[in-house]
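Novice: Before we start, here is the structure in question, set down as structure tokens.
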Amino acid sequence: MTSSPVGAAADAASSPLLRNLNPEQLAAVTAAAEPALILAGAGSGKTRVLTTRIAWLLNTGQVSPGGVMAVTFTNKAAKEMQTRLATMLPFNVRGMWIGTFHGLCNRFLRAHWKLAHLPQAFQILDASDTTSAVKRVIKAMKLDEERFVPKQVGWFIAGCKEDGQRPGDVVAHDEQTRKLVEIYANYEDQCQREGVVDFAELMLRSYELLRDNPAVREHYQNRFRHILVDEFQDTNKLQYAWLKMFAPPGSAHGQSLLAVGDDDQSIYAFRGARVGNMIDFEREYRVRKVIKLEQNYRSFGHILDAANELISRNSQRLGKTLRTDAGQGEPIRVQESPSDFAEAQWLIEEIQHLHRGGLDRKEIAVLYRSNAQSRVIESALFNSGIPYRVYGGLRFFERAEVKHALAYLRLLENPNDDTSFLRVVNFPTRGIGAKTLENLQDAAKATGRSLYQSVSAIAGKGGANLLAFTNLIDSTRNLTQGMTLREIIEQVLQTSGLLDFYRTDKDGAERLENLDELVNAAEAFVMQEGFGKNAVGLPVDETAQPGTPGAVPDAETGEIMSPLVAFLTHASLEAGDNQAQAGQDAVQLMTVHSAKGLEFDAVFITGLEEGLFPHENAMSDPNGLEEERRLMYVAITRARKKLSLSFCQTRMLHGQTRYHIKSRFFDELPEDALKWLTPRNQGFGSGFAREYQNAWDRGSGLKGMVGAGNVSKPAWVEPPVPASMKPKVSEEHGGLRVGKGVFHTKFGEGVLLTLEGAGADARAQVNFGRHGTKWLALSVAKLTPID
DNA sequence: ACAAACGTTATTTTT
DNA sequence: TAACGTTTGT
């Protein structure tokens with residue numbers, strides 16, 4: 001086998017794929033098919049190892065694309081993996097299951113919706129949808145919202161699900177918990193009634209499906225020969241259990257699991273992530289192969305020294321020390337400021353200096369522990385005309401106007417979605433007040449039907465406007481039959497009155513733009529997913545098509561979900577970018593959490609004060625403090641060349657001036673890696689020396705004035721679709737002809753309208769008359785030509 | 001139905 | 001401080 005050590009060495013010499021890998025990376029890439037744990041330090045080329053391994057497995061014929069599953073946490077990571085693979089492999093990567101945990105669960109549930117007891121077009125609730133759904137349950141139960149805060153109840157429910165617990169499984173010791181469980185049970189019923197699932201439900205439902213259906217489970221166990229999990233330290237209990245369904249420990253299938261992670265970068269314990277899964281994995285799978293990637297290709301020595309020294313203070317570690325060949329580089333600069341305002345001022349000067357020295361602004365990151373800290377910095381940047389970009393704001397699909405539009409679209413697919421119903425029933429205003437809705441909700445509750453279904457029941461009392469609303473939805477549904485996604489959305493924006501509303505609204509201009517952007521997003525989505533039935537005669541490049549988790553045929557019939565359902569799913573699963581004009585050269589502002597996975601030439605870690613970083617809420621318990629330290633470790637390791645640490649004596653917090661002392665983390669960094677720009681151990685009131693040296697100042701040439709103009713209005717831009725990704729349209733496929741009759745085992749006779757794509761991607765649009773017009777994947781659907 | 005006024009509350013958040 | 005949600009007043 002090529003996976004033997006000798007084979008691997010031979011490969012390394014011959015294969016361009018394996019060239020330039022260091023010994024540890026090579027070992028990870030070419031590891032035999034047995035459980036393996038890769039401890040990948042920051043900047044150690046983790047993604048490269050993951051993608052190269054997949055490419056190597058495929059190239060050496062150890063697995064076919066369909067046998068590969070690669071799981072990540074973020075859409076971004078999944079996309080990056082797909083893109084990289086597309087450049088490494090000579091063929092298309094469609095058959096591989098590459099995606100986020102939730103994306104793959106969605107894909108799985110779409111294929112097995114019947115077994116999962118879900119409607120075919122089930123919709124996904126995002127965080128805010130979930131909260132409002134929970135709120136409705138609490139209201140309906142007439143419980144005190146003070147005692148049962150919807151958001152917290154939502155967390156409780158998610159927490160239960162992530163522990164694999166249904167309402168019946170939760171052990172409640174006190175009255176409060178008993179009530180919470182009751183809410184949980186009602187919430188579950190409500191979701192089921194409405195045909196919606198939240199994020200945690202996606203995971204739990206697919207886990208249970210696998211657990212309870214041996215045939216399905218075995219099918220997938222046989223299918224996935226290699227399962228690669230990224231950021232394993234961030235998995236929760238349920239995600240680990242889910243993985244075990246595909247690759248049970250101790251079984252032959254258990255050999256397929258390869259976990260990549262870094263316990264030192266575990267910063268999501270507060271959200272249910274269990275670093276312990278790494279140790280459990282090692283034990284349960286009797287992992288013999290633990291590979292440490294400790295060679296760092298990102299940062300200079302001083303930066304790594306600081307990171308290593310700091311993290312060595314943590315007690316519970318698997319143990320890892322980063323090293324580099326890059327040399328020590330510049331010392332880490334430390335700045336003390338009298339106030340947060342002065343700190344921001346100092347930042348401005350530093351940033352201007354760096355930029356004049358030739359550094360792109362987008363290579364400069366300002367990090368902070370909590371979002372509130374960005375304010376002072378933002379205003380300082382704004383006043384100096386330095387373009388900047390703040391991460392972590394509202395994302396595209398979370399914007400109110402976009403959510404409204406999506407709610408109308410959802411109602412077309414599923415009028416029983418009460419969450420969407422309530423969102424737009426009176427928006428734009430239609431004279432439907434709280435009283436009317438209360439009546440409606442009572443009627444719905446009495447009969448156990450949806451709000452939509454209950455409208456006729458209260459038509460008498462103030463229901464005329466309600467009836468007008470449901471008629472609007474119904475007529476729009478009829479009107480949009482057979483339309484393209486773009487046309488559907490444009491129609492909905494029009495008939496819903498959203499366009500008219502924002503056109504007359506005083507600050508509706510931006511919202512109109514966003515609605516326009518929604519249409520663009522849908523268009524781009526249709527192209528990428530290969531739903532483009534208008535795209536006639538465009539050539540298709542088989543090598544360029546990345547697989548998409550959204551488009552998956554029904555396991556039984558081969559039916560592909562409609563473009564609208566697919567787009568709605570996409571909108572819930574991928575909130576979109578929140579970045580202002582991604583192309584512009586702007587300074588990057590973000591929390592340390594959102595900086596994970598990124599890297600910059602110059603990094604400023606600000607607000608390094610006791611109570612802030614480490615945060616006061618975390619200081620009391622040792623685990624919390626260790627997580628804060630890991631957070632600091634993540635922050636430090638973001639920097640490639642220049643790292644600056646900064647803290648303030650005073651800071652405005654909650655409207656009050658607070659006095660802080662410098663973070664304890666300063667005492668945990670190696671003295672000789674630091675360069676203090678301000679005198680040390682300076683007490684309050686001793687006067688603050690504003691003179692600091694610029695260690696980076698080597699008389700660098702001035703590059704003119706800094707470009708002005710702050711990046712204020714975020715725009716969401718979908719990347720252009722390369723022509724190579726447009727679908728190929730053909731007239732004939734395996735005896736099937738466009739315009740001729742076809743027979744499907746489930747849907748009966750129909751007329752073939754369109755043929756697209758080739759090979760595994762081939763799909764057909766068929767009008768089945770009574771059953772409607774459907775898109776079918778020819779690799780799954782049993783279609784035979786008839787005369 | 002809407003706006004103004006008030007009270008409450010303030011980590012981090014991949015999906 | 002400032003952002004949000006609820007109540008109150010027009």
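In the structure tokens, chains take the letters A, B, ... in the order shown, each chain's residues start at 1, and ligands count up from 1 in the order shown.
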Excluding C:DT7 and any residue of its chain fewer than 4 positions from it, enumerate the residues within 10 Å of it, using only C-alpha atoms (C1' of nucleotides), and give them as a PDB file with all heavy atoms, in the first residue's frame.
Specialist:
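Output saved as around.pdb:
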```pdb
ATOM      1  P    DA B   5     -40.192  63.008  25.222  1.00  0.00           P
ATOM      2  OP1  DA B   5     -40.684  64.237  25.853  1.00  0.00           O
ATOM      3  OP2  DA B   5     -38.843  62.940  24.635  1.00  0.00           O
ATOM      4  O5'  DA B   5     -40.347  61.803  26.254  1.00  0.00           O
ATOM      5  C5'  DA B   5     -41.573  61.617  26.943  1.00  0.00           C
ATOM      6  C4'  DA B   5     -41.392  60.466  27.902  1.00  0.00           C
ATOM      7  O4'  DA B   5     -41.318  59.230  27.163  1.00  0.00           O
ATOM      8  C3'  DA B   5     -40.112  60.556  28.743  1.00  0.00           C
ATOM      9  O3'  DA B   5     -40.452  60.309  30.088  1.00  0.00           O
ATOM     10  C2'  DA B   5     -39.221  59.482  28.152  1.00  0.00           C
ATOM     11  C1'  DA B   5     -40.228  58.449  27.669  1.00  0.00           C
ATOM     12  N9   DA B   5     -39.761  57.573  26.598  1.00  0.00           N
ATOM     13  C8   DA B   5     -39.030  57.919  25.495  1.00  0.00           C
ATOM     14  N7   DA B   5     -38.752  56.916  24.707  1.00  0.00           N
ATOM     15  C5   DA B   5     -39.336  55.818  25.336  1.00  0.00           C
ATOM     16  C6   DA B   5     -39.395  54.457  25.007  1.00  0.00           C
ATOM     17  N6   DA B   5     -38.845  53.941  23.910  1.00  0.00           N
ATOM     18  N1   DA B   5     -40.053  53.643  25.848  1.00  0.00           N
ATOM     19  C2   DA B   5     -40.611  54.155  26.953  1.00  0.00           C
ATOM     20  N3   DA B   5     -40.618  55.424  27.369  1.00  0.00           N
ATOM     21  C4   DA B   5     -39.958  56.210  26.508  1.00  0.00           C
ATOM     22  P    DC B   6     -39.471  60.517  31.259  1.00  0.00           P
ATOM     23  OP1  DC B   6     -40.196  61.226  32.313  1.00  0.00           O
ATOM     24  OP2  DC B   6     -38.180  61.036  30.738  1.00  0.00           O
ATOM     25  O5'  DC B   6     -39.240  59.016  31.720  1.00  0.00           O
ATOM     26  C5'  DC B   6     -40.367  58.186  31.992  1.00  0.00           C
ATOM     27  C4'  DC B   6     -39.909  56.748  32.001  1.00  0.00           C
ATOM     28  O4'  DC B   6     -39.528  56.353  30.671  1.00  0.00           O
ATOM     29  C3'  DC B   6     -38.685  56.508  32.887  1.00  0.00           C
ATOM     30  O3'  DC B   6     -39.071  55.689  33.974  1.00  0.00           O
ATOM     31  C2'  DC B   6     -37.671  55.839  31.978  1.00  0.00           C
ATOM     32  C1'  DC B   6     -38.508  55.390  30.786  1.00  0.00           C
ATOM     33  N1   DC B   6     -37.765  55.356  29.492  1.00  0.00           N
ATOM     34  C2   DC B   6     -37.693  54.166  28.772  1.00  0.00           C
ATOM     35  O2   DC B   6     -38.242  53.159  29.218  1.00  0.00           O
ATOM     36  N3   DC B   6     -36.999  54.148  27.591  1.00  0.00           N
ATOM     37  C4   DC B   6     -36.420  55.258  27.152  1.00  0.00           C
ATOM     38  N4   DC B   6     -35.763  55.189  25.995  1.00  0.00           N
ATOM     39  C5   DC B   6     -36.484  56.486  27.873  1.00  0.00           C
ATOM     40  C6   DC B   6     -37.153  56.493  29.037  1.00  0.00           C
ATOM     41  P    DG B   7     -38.072  55.446  35.137  1.00  0.00           P
ATOM     42  OP1  DG B   7     -38.855  55.433  36.386  1.00  0.00           O
ATOM     43  OP2  DG B   7     -36.883  56.319  35.000  1.00  0.00           O
ATOM     44  O5'  DG B   7     -37.643  53.959  34.782  1.00  0.00           O
ATOM     45  C5'  DG B   7     -38.634  52.968  34.527  1.00  0.00           C
ATOM     46  C4'  DG B   7     -37.947  51.684  34.136  1.00  0.00           C
ATOM     47  O4'  DG B   7     -37.398  51.829  32.805  1.00  0.00           O
ATOM     48  C3'  DG B   7     -36.781  51.316  35.048  1.00  0.00           C
ATOM     49  O3'  DG B   7     -36.844  49.910  35.211  1.00  0.00           O
ATOM     50  C2'  DG B   7     -35.546  51.754  34.253  1.00  0.00           C
ATOM     51  C1'  DG B   7     -36.007  51.532  32.816  1.00  0.00           C
ATOM     52  N9   DG B   7     -35.385  52.365  31.800  1.00  0.00           N
ATOM     53  C8   DG B   7     -35.172  53.719  31.832  1.00  0.00           C
ATOM     54  N7   DG B   7     -34.624  54.175  30.746  1.00  0.00           N
ATOM     55  C5   DG B   7     -34.454  53.046  29.951  1.00  0.00           C
ATOM     56  C6   DG B   7     -33.906  52.922  28.651  1.00  0.00           C
ATOM     57  O6   DG B   7     -33.454  53.813  27.926  1.00  0.00           O
ATOM     58  N1   DG B   7     -33.925  51.607  28.218  1.00  0.00           N
ATOM     59  C2   DG B   7     -34.415  50.553  28.940  1.00  0.00           C
ATOM     60  N2   DG B   7     -34.351  49.358  28.350  1.00  0.00           N
ATOM     61  N3   DG B   7     -34.935  50.655  30.149  1.00  0.00           N
ATOM     62  C4   DG B   7     -34.919  51.932  30.591  1.00  0.00           C
TER      63       DG B   7
END
```
Novice: Please, which residues of chain A lie no more than 9 Å from chain C when the count uses only C-alpha atoms (C1' of nucleotides), and can they be set out as a short mmCIF file (atom, residue, chain, number, x, y, z; two decimals) with all heavy atoms, in the first residue's frame?
Specialist:
```cif
data_model
loop_
_atom_site.label_atom_id
_atom_site.label_comp_id
_atom_site.auth_asym_id
_atom_site.auth_seq_id
_atom_site.Cartn_x
_atom_site.Cartn_y
_atom_site.Cartn_z
N MET A 652 -13.50 54.43 30.27
CA MET A 652 -14.95 54.62 30.39
C MET A 652 -15.63 53.27 30.23
O MET A 652 -15.48 52.62 29.20
CB MET A 652 -15.43 55.54 29.27
CG MET A 652 -15.51 56.99 29.62
SD MET A 652 -16.42 57.33 31.11
CE MET A 652 -17.33 58.76 30.56
N LEU A 653 -16.35 52.88 31.27
CA LEU A 653 -17.04 51.60 31.19
C LEU A 653 -18.43 51.76 31.80
O LEU A 653 -18.55 52.20 32.94
CB LEU A 653 -16.22 50.55 31.94
CG LEU A 653 -16.25 49.13 31.40
CD1 LEU A 653 -15.72 49.07 29.98
CD2 LEU A 653 -15.44 48.20 32.30
N HIS A 654 -19.45 51.44 31.05
CA HIS A 654 -20.84 51.60 31.51
C HIS A 654 -21.08 53.02 31.99
O HIS A 654 -21.72 53.25 33.01
CB HIS A 654 -21.18 50.64 32.64
CG HIS A 654 -20.81 49.22 32.33
ND1 HIS A 654 -20.82 48.72 31.05
CD2 HIS A 654 -20.43 48.21 33.12
CE1 HIS A 654 -20.46 47.45 31.08
NE2 HIS A 654 -20.21 47.11 32.32
N GLY A 655 -20.51 53.96 31.31
CA GLY A 655 -20.77 55.35 31.64
C GLY A 655 -20.00 55.87 32.84
O GLY A 655 -20.22 56.97 33.31
N GLN A 656 -19.10 55.04 33.34
CA GLN A 656 -18.32 55.49 34.49
C GLN A 656 -16.83 55.34 34.20
O GLN A 656 -16.42 54.44 33.48
CB GLN A 656 -18.66 54.68 35.73
CG GLN A 656 -19.94 55.14 36.40
CD GLN A 656 -20.22 54.37 37.66
OE1 GLN A 656 -19.92 53.18 37.73
NE2 GLN A 656 -20.79 55.05 38.64
#
```
Novice: Once you count only C-alpha atoms (C1' of nucleotides), which residues of chain B turn out to be within 10 Å of chain A? Could you give them as a PyMOL selection string?
Specialist: chain B and resi 1+9-15
Novice: I'd like the contact shell of A:Arg48 - 9 Å cut-off, only C-alpha atoms (C1' of nucleotides), skipping same-chain residues fewer than 6 positions apart - returned as a list in words.
Specialist: Gln25, Met81 and Arg84 of chain A
Novice: Output the selection as a CSV table (one decimal), in the first residue's frame - all heavy atoms for each residue.
Specialist:
```csv
chain,number,residue,atom,x,y,z
A,25,GLN,N,4.4,17.4,8.9
A,25,GLN,CA,3.2,17.6,7.9
A,25,GLN,C,3.1,16.4,7.0
A,25,GLN,O,2.0,15.9,6.8
A,25,GLN,CB,3.5,18.8,7.1
A,25,GLN,CG,3.4,20.1,7.9
A,25,GLN,CD,3.7,21.3,7.1
A,25,GLN,OE1,4.5,21.3,6.2
A,25,GLN,NE2,3.0,22.4,7.3
A,81,MET,N,-11.3,25.3,2.0
A,81,MET,CA,-10.9,24.0,1.7
A,81,MET,C,-11.3,23.5,0.3
A,81,MET,O,-10.5,23.0,-0.4
A,81,MET,CB,-11.5,23.0,2.8
A,81,MET,CG,-10.6,21.8,3.1
A,81,MET,SD,-11.4,20.7,4.3
A,81,MET,CE,-10.9,21.5,5.8
A,84,ARG,N,-9.1,25.4,-2.3
A,84,ARG,CA,-7.8,24.9,-2.4
A,84,ARG,C,-7.8,23.5,-3.1
A,84,ARG,O,-6.9,23.2,-3.9
A,84,ARG,CB,-7.2,24.7,-1.0
A,84,ARG,CG,-6.8,26.1,-0.4
A,84,ARG,CD,-5.6,25.9,0.4
A,84,ARG,NE,-5.5,26.8,1.5
A,84,ARG,CZ,-4.6,26.9,2.4
A,84,ARG,NH1,-3.6,25.9,2.4
A,84,ARG,NH2,-4.6,27.8,3.4
```
